[in-house]
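Asks: Just passing along the structure, written as structure tokens.
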Amino acid sequence: MSFQVFGLPVSRGVAIGRAVLVASSRIDVAHYFIDEADVDQEAERLRLARDAVANELSTLQRDLPSDAPPELSALLDVHLMLLRDETLVLATRQWIQDRHYNAEWALSAQLEVLARQFDEMEDDYLRERKADLEQVVERLLRAMARGPSTSYAPAPGVRPRDFAGEDPLVIVANDIAPADMLQFKRSVFTGFVTDVGGKTSHTAIVARSMDIPAVVGAREASHLIRQDDWVVIDGDTGVVIVDPSPIVLEEYRFRQRQSGLERDRLSRLRHTPAVTLDGERVELHANIELPGDAPAALEAGAVGVGLFRSEFLFMNRGGELPGEDEQFEAYRAAVEAMKGLPVTIRTVDIGADKPLDRMSANELRHEHALNPALGLRAIRWSLSEPGMFRQQLRAILRASAVGKVRLLIPMVAHLSEVRQALEAVARAKQQLLEAGKLCGDIEIGAMIEVPAAALMLPSLLKHFDFVSVGTNDLIQYTLAIDRADEAVAHLYDPWHPAVLKLLAQTIADARAAGKSVGVCGEMAGDPAFTDLLLAMGLRNFSMHPSRIAAIKQRILRADTRQLSPHVADVLRSDDPEATAERLFNRRAVAAE
């Protein structure tokens with residue numbers, strides 16, 4: 001009997017195949033107390049397990065095939081950093097020493113503590129890193145049990161023909177660890193469905209980087225779908241159809257063929273300049289988290305990096321922060337990988353919802369008891385840590401001697417912050433000159449993500465060379481919506497008239513002052529907003545590399561002379577989305 005399962009669409013396209021079920025790999029943990037004499041032995045078991053897993057992950061990373069997406073190496077780096085994180089290891093030893101828990105029980109207990117901290121984080125991307133922590137702990141538990149590593153093998157009852165026959169295959173699992181995606185890459189699997197995960201989970205990121213149709217967060221999919229069922233994965237809508245009828249199956253096969261043709265056509269646009277029908281040139285940049293993301297950005301046709309989220313160099317490191325030289329090497333690697341194209345590095349956006357590991361449990365509880373979005377974060381945190389801030393600024397300035405680098409200051413809201421930040425840049429540059437170290441000319445920009453900054457933009461523009469709008473936070477702060485709070489998350493609305501008016505005014509003010517303005521939030525990579533942003537005067541978009549081709553297609557089909565007169569109607573409307581749909585003749589599902 002045919003039925004449907006619903007989840008989150010995270011990687012577009014259609015996959016059709018027989019289901020290969022991968023049972024949940026959660027391990028039953030024994031709970032028992034140990035004698036005082038066995039404490040050291042139990043701690044040694046934990047250390048040996050950590051060494052074994054670190055060697056396993058390092059080997060996987062070293063043996064990555066040449067055609068593996070760069071995201072895989074970055075994700076393995078994340079798991080290695082989590083594995084070495086003293087917040088996990090030292091605290092687990094403490095459970096063993098103080099409570100006399102066996103190593104497995106101690107590790108599970110610490111996982112629960114850290115998992116709660118991840119659940120309280122406001123940032124979607126960071127909150128979903130809990131899955132990575134769980135996967136690392138699972139590997140440790142398997143190592144201590146001397147069992148097989150978590151890798152994909154046929155579930156019981158899967159016949160060899162499923163892996164060697166002609167039928168295409170799709171994976172159905174509770175979750176997929178990034179390290180296990182290696183076997184996915186080398187296999188015949190054409191898509192996957194997971195019970196858990198979100199749009200910014202590592203599973204979703206890898207799926208998009210591999211261009212594999214995927215649906216995550218499908219809840220009971222792995223329990224409802226049986227081994228060898230025919231499954232259709234609709235990565236456009238998040239629907240999974242099990243045992244489809246012949247008519248439905250043929251319809252999706254037709255869509256699959258059309259999708260393949262569309263992908264081929266879009267891939268040919270990679271190196272086509274993004275120019276509208278009326279000759280307006282548009283710059284499409286990429287958002288990256290780590291230096292290893294830069295080659296993928298270049299391959300996708302990005303003409304620069306519009307947002308390098310430098311805080312990912314600071315996280316999952318225990319209590320140790322990256323020094324100036326380490327940061328310089330990371331920034332230099334990204335700049336060199338972009339081969340002369342500009343790289344915009346945002347100073348560390350840490351604090352509140354992105355706590356450093358060196359923060360104590362009491363500090364974390366205090367932070368989360370208050371409103372984390374309004375606390376000590378971004379430029380506020382940097383100014384409160386002047387030594388760290390100067391180190392980062394020196395590293396960025398040194399990287400500017402290698403190629404074109406732009407510096408972006410996040411969460412600007414006060415002129416006093418602006419003056420302090422610019423003074424810190426000047427001091428860092430002077431220190432480099434006195435030390436005889438090279439640094440190039442660098443543009444300095446402000447990230448507009450607080451309504452106050454948008455409203456006072458003419459004053460801010462006197463001090464900055466460019467601005468970049470972070471629409472994710474701008475929406476959150478404008479609407480007083482905590483995206484992490486499920487009770488109000490449905491009110492997070494990028495089409496809200498107040499949000500659109502702030503965005504339009506920001507673009508207009510920057511252009512009037514002759515300053516470059518870009519958008520680096522999710523709206524930049526959503527084709528539903530492309531025409532409206534172009535009509536507002538935006539000529540600089542920055543997004544995940546996988547979104548560039550689809551946005552470029554919209555730009556190539558747009559005529560800003562026809563679009564611009566409709567902006568006022570959209571901004572006056574009580575229902576801007578419907579008005580934009582009508583005036584811009586927008587399709588319900590944007591073409592990709």
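Chain labels A, B, ... are given in the sequence in which chains occur in the structure tokens; within each chain residues are numbered consecutively from 1, and ligands are likewise numbered from 1 in the order shown.
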Step one, run DSSP on the backbone; step two, keep only residues of segment 256-318 of chain A assigned to helix (DSSP H, G or I); then write them as a list in words.
Replies: Gln256, Arg257, Gln258, Ser259, Gly260, Leu261, Glu262, Arg263, Asp264, Arg265, Leu266, Ser267, Pro291, Gly292, Asp293, Ala294, Pro295, Ala296, Ala297, Leu298, Glu299, Ser310, Glu311, Phe312 and Leu313 of chain A
Asks: Just the selected residues (N, CA, C and O atoms), exported as a short mmCIF file (atom, residue, chain, number, x, y, z; two decimals), in the first residue's frame, please.
Replies:
```cif
data_model
loop_
_atom_site.label_atom_id
_atom_site.label_comp_id
_atom_site.auth_asym_id
_atom_site.auth_seq_id
_atom_site.Cartn_x
_atom_site.Cartn_y
_atom_site.Cartn_z
N GLN A 256 12.45 13.58 -12.75
CA GLN A 256 13.86 13.27 -12.54
C GLN A 256 14.67 13.57 -13.79
O GLN A 256 15.75 14.15 -13.73
N ARG A 257 14.11 13.17 -14.93
CA ARG A 257 14.82 13.46 -16.20
C ARG A 257 14.89 14.95 -16.45
O ARG A 257 15.93 15.47 -16.87
N GLN A 258 13.80 15.67 -16.18
CA GLN A 258 13.80 17.11 -16.36
C GLN A 258 14.78 17.79 -15.42
O GLN A 258 15.47 18.74 -15.80
N SER A 259 14.84 17.29 -14.18
CA SER A 259 15.76 17.86 -13.20
C SER A 259 17.20 17.67 -13.64
O SER A 259 18.04 18.56 -13.48
N GLY A 260 17.49 16.50 -14.20
CA GLY A 260 18.85 16.25 -14.70
C GLY A 260 19.23 17.20 -15.81
O GLY A 260 20.36 17.72 -15.84
N LEU A 261 18.29 17.43 -16.72
CA LEU A 261 18.55 18.37 -17.82
C LEU A 261 18.75 19.78 -17.28
O LEU A 261 19.62 20.53 -17.75
N GLU A 262 17.94 20.15 -16.26
CA GLU A 262 18.06 21.50 -15.68
C GLU A 262 19.41 21.67 -14.99
O GLU A 262 20.04 22.72 -15.09
N ARG A 263 19.86 20.64 -14.27
CA ARG A 263 21.17 20.72 -13.61
C ARG A 263 22.28 20.90 -14.63
O ARG A 263 23.21 21.68 -14.42
N ASP A 264 22.20 20.14 -15.70
CA ASP A 264 23.22 20.25 -16.74
C ASP A 264 23.25 21.67 -17.31
O ASP A 264 24.32 22.23 -17.56
N ARG A 265 22.06 22.22 -17.50
CA ARG A 265 21.98 23.57 -18.07
C ARG A 265 22.53 24.60 -17.08
O ARG A 265 23.28 25.51 -17.47
N LEU A 266 22.16 24.46 -15.80
CA LEU A 266 22.65 25.39 -14.79
C LEU A 266 24.16 25.30 -14.63
O LEU A 266 24.82 26.32 -14.41
N SER A 267 24.69 24.10 -14.74
CA SER A 267 26.15 23.96 -14.57
C SER A 267 26.90 24.71 -15.64
O SER A 267 28.04 25.15 -15.42
N PRO A 291 38.54 27.52 5.75
CA PRO A 291 39.33 27.71 4.52
C PRO A 291 39.08 26.63 3.48
O PRO A 291 39.11 26.90 2.28
N GLY A 292 38.80 25.41 3.93
CA GLY A 292 38.56 24.32 2.99
C GLY A 292 37.31 24.48 2.15
O GLY A 292 37.12 23.76 1.17
N ASP A 293 36.44 25.44 2.52
CA ASP A 293 35.22 25.69 1.74
C ASP A 293 35.50 26.54 0.50
O ASP A 293 34.67 26.59 -0.41
N ALA A 294 36.64 27.22 0.46
CA ALA A 294 36.91 28.18 -0.62
C ALA A 294 36.96 27.53 -2.01
O ALA A 294 36.40 28.09 -2.96
N PRO A 295 37.63 26.38 -2.20
CA PRO A 295 37.65 25.79 -3.54
C PRO A 295 36.26 25.50 -4.09
O PRO A 295 36.00 25.68 -5.28
N ALA A 296 35.35 25.04 -3.22
CA ALA A 296 33.98 24.76 -3.67
C ALA A 296 33.29 26.05 -4.11
O ALA A 296 32.50 26.06 -5.06
N ALA A 297 33.57 27.14 -3.41
CA ALA A 297 33.00 28.44 -3.79
C ALA A 297 33.48 28.85 -5.17
O ALA A 297 32.70 29.31 -6.02
N LEU A 298 34.75 28.66 -5.42
CA LEU A 298 35.32 29.02 -6.71
C LEU A 298 34.73 28.16 -7.82
O LEU A 298 34.38 28.64 -8.90
N GLU A 299 34.60 26.86 -7.53
CA GLU A 299 34.05 25.93 -8.52
C GLU A 299 32.61 26.25 -8.85
O GLU A 299 32.15 26.03 -9.97
N SER A 310 34.55 33.64 10.75
CA SER A 310 35.80 33.28 11.41
C SER A 310 35.61 32.60 12.75
O SER A 310 36.54 31.97 13.26
N GLU A 311 34.41 32.69 13.34
CA GLU A 311 34.23 32.10 14.68
C GLU A 311 34.40 30.59 14.69
O GLU A 311 34.68 30.00 15.74
N PHE A 312 34.27 29.95 13.51
CA PHE A 312 34.42 28.50 13.48
C PHE A 312 35.86 28.07 13.72
O PHE A 312 36.12 26.91 14.01
N LEU A 313 36.80 29.01 13.61
CA LEU A 313 38.18 28.72 13.96
C LEU A 313 38.37 28.72 15.48
O LEU A 313 39.37 28.18 15.98
#
```
Asks: Contacts of Asp77 of chain A at 12 Å or less, counting only C-alpha atoms, minus same-chain residues fewer than 6 places along, as number ranges by chain?
Replies: A: 54, 57-62, 70-71, 83-84, 132, 136, 178-179, 290-292, 312-313, 315-317
Asks: Go ahead and write the residues just picked, C-alpha atoms, as a PDB file, in the first residue's frame.
Replies:
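Below is the file that was written, out.pdb:
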```pdb
ATOM      1  CA  ALA A  54      41.210   9.980  16.433  1.00  0.00           C
ATOM      2  CA  LEU A  57      39.054   9.784  11.654  1.00  0.00           C
ATOM      3  CA  SER A  58      42.528  11.025  10.672  1.00  0.00           C
ATOM      4  CA  THR A  59      42.958   8.015   8.398  1.00  0.00           C
ATOM      5  CA  LEU A  60      39.584   8.648   6.782  1.00  0.00           C
ATOM      6  CA  GLN A  61      40.554  12.267   6.198  1.00  0.00           C
ATOM      7  CA  ARG A  62      43.980  11.402   4.821  1.00  0.00           C
ATOM      8  CA  PRO A  70      35.754  19.698   0.461  1.00  0.00           C
ATOM      9  CA  GLU A  71      32.897  19.768   2.974  1.00  0.00           C
ATOM     10  CA  LEU A  83      36.988  14.460  20.105  1.00  0.00           C
ATOM     11  CA  ARG A  84      39.879  16.543  21.476  1.00  0.00           C
ATOM     12  CA  ASP A 132      28.003  15.611  15.577  1.00  0.00           C
ATOM     13  CA  VAL A 136      31.633  11.225  18.202  1.00  0.00           C
ATOM     14  CA  PRO A 178      29.706  12.785   8.119  1.00  0.00           C
ATOM     15  CA  ALA A 179      32.525  10.234   8.298  1.00  0.00           C
ATOM     16  CA  LEU A 290      36.450  27.225   6.980  1.00  0.00           C
ATOM     17  CA  PRO A 291      39.331  27.707   4.517  1.00  0.00           C
ATOM     18  CA  GLY A 292      38.557  24.318   2.992  1.00  0.00           C
ATOM     19  CA  PHE A 312      34.416  28.498  13.482  1.00  0.00           C
ATOM     20  CA  LEU A 313      38.183  28.718  13.965  1.00  0.00           C
ATOM     21  CA  MET A 315      35.057  26.803  18.535  1.00  0.00           C
ATOM     22  CA  ASN A 316      35.350  23.209  19.782  1.00  0.00           C
ATOM     23  CA  ARG A 317      38.906  23.801  20.991  1.00  0.00           C
TER      24      ARG A 317
END
```
Asks: What's the separation between atom CA of Asp228 of chain A and atom CA of Leu72 of chain A, in Å to one decimal place?
Replies: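 About the pair atom CA of Asp228 of chain A and atom CA of Leu72 of chain A: they are 28.3 Å apart.
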Asks: Using only C-alpha atoms, find each residue in segment 248-352 of chain A having at least one atom no more than 10 Å away from segment 508-526 of chain A; report its shortest atom-to-atom pair and that distance in Å (one decimal), rows by chain then rising number, as a Markdown table.
Replies:
```
| residue | atom | partner | partner_atom | distance |
| --- | --- | --- | --- | --- |
| A:Glu283 | CA | A:Gly518 | CA | 9.1 |
| A:Leu284 | CA | A:Ala524 | CA | 9.3 |
| A:His285 | CA | A:Cys520 | CA | 8.6 |
| A:Ala286 | CA | A:Cys520 | CA | 8.5 |
| A:Asn287 | CA | A:Cys520 | CA | 7.3 |
| A:Gly306 | CA | A:Cys520 | CA | 6.8 |
| A:Leu307 | CA | A:Cys520 | CA | 6.9 |
```
Asks: For the residues in the current selection, export all heavy atoms as a compact mmCIF listing (two decimals), in the first residue's frame.
Replies:
```txt
# COMPACT_ATOMS: atom_id res chain seq x y z
N GLU A 283 27.22 40.91 -8.58
CA GLU A 283 28.27 40.06 -8.01
C GLU A 283 27.66 38.99 -7.12
O GLU A 283 26.88 39.30 -6.21
CB GLU A 283 29.27 40.91 -7.21
CG GLU A 283 30.06 41.89 -8.06
CD GLU A 283 31.13 42.60 -7.25
OE1 GLU A 283 31.27 42.30 -6.04
OE2 GLU A 283 31.81 43.47 -7.81
N LEU A 284 28.02 37.74 -7.40
CA LEU A 284 27.53 36.61 -6.59
C LEU A 284 28.70 36.04 -5.80
O LEU A 284 29.64 35.48 -6.38
CB LEU A 284 26.91 35.54 -7.49
CG LEU A 284 25.67 35.99 -8.27
CD1 LEU A 284 25.11 34.83 -9.09
CD2 LEU A 284 24.60 36.54 -7.34
N HIS A 285 28.67 36.22 -4.49
CA HIS A 285 29.72 35.76 -3.61
C HIS A 285 29.26 34.54 -2.80
O HIS A 285 28.07 34.22 -2.78
CB HIS A 285 30.14 36.88 -2.66
CG HIS A 285 30.83 38.00 -3.35
ND1 HIS A 285 31.37 39.08 -2.68
CD2 HIS A 285 31.08 38.24 -4.67
CE1 HIS A 285 31.92 39.92 -3.54
NE2 HIS A 285 31.75 39.43 -4.75
N ALA A 286 30.20 33.90 -2.13
CA ALA A 286 29.89 32.70 -1.34
C ALA A 286 30.11 32.95 0.14
O ALA A 286 30.99 33.72 0.54
CB ALA A 286 30.77 31.54 -1.80
N ASN A 287 29.30 32.29 0.97
CA ASN A 287 29.51 32.26 2.42
C ASN A 287 30.29 31.00 2.76
O ASN A 287 29.94 29.90 2.30
CB ASN A 287 28.17 32.23 3.17
CG ASN A 287 27.33 33.47 2.94
OD1 ASN A 287 27.84 34.51 2.54
ND2 ASN A 287 26.04 33.36 3.19
N GLY A 306 31.87 36.48 0.25
CA GLY A 306 31.17 37.61 0.86
C GLY A 306 31.09 37.53 2.35
O GLY A 306 30.81 38.53 3.02
N LEU A 307 31.33 36.32 2.91
CA LEU A 307 31.27 36.15 4.36
C LEU A 307 32.08 34.93 4.75
O LEU A 307 31.71 33.80 4.46
CB LEU A 307 29.82 35.98 4.82
CG LEU A 307 29.62 35.73 6.32
CD1 LEU A 307 30.11 36.91 7.13
CD2 LEU A 307 28.15 35.44 6.64
```
Asks: Using only C-alpha atoms, which residues sit within 6 Å of Asp236 of chain A once same-chain residues fewer than 4 positions away are excluded, as a list in words?
Replies: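 Counting only the stated atoms, we get Pro9, Arg12 and Gly13 of chain A.
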Asks: Tell me which of A:Glu251, A:Gly217, A:Thr92, A:Ala395 sits closest to Val239 of chain A, counting only C-alpha atoms.
Replies: A:Gly217
Asks: Write out as an NGL selection string which residues come within 8 Å of segment 37-50 of chain A when counting only C-alpha atoms, dropping same-chain ones fewer than 2 positions away.
Replies: :A and (34-35 or 52-54 or 83 or 93 or 96-97 or 100 or 102-103 or 140-141 or 143-144)
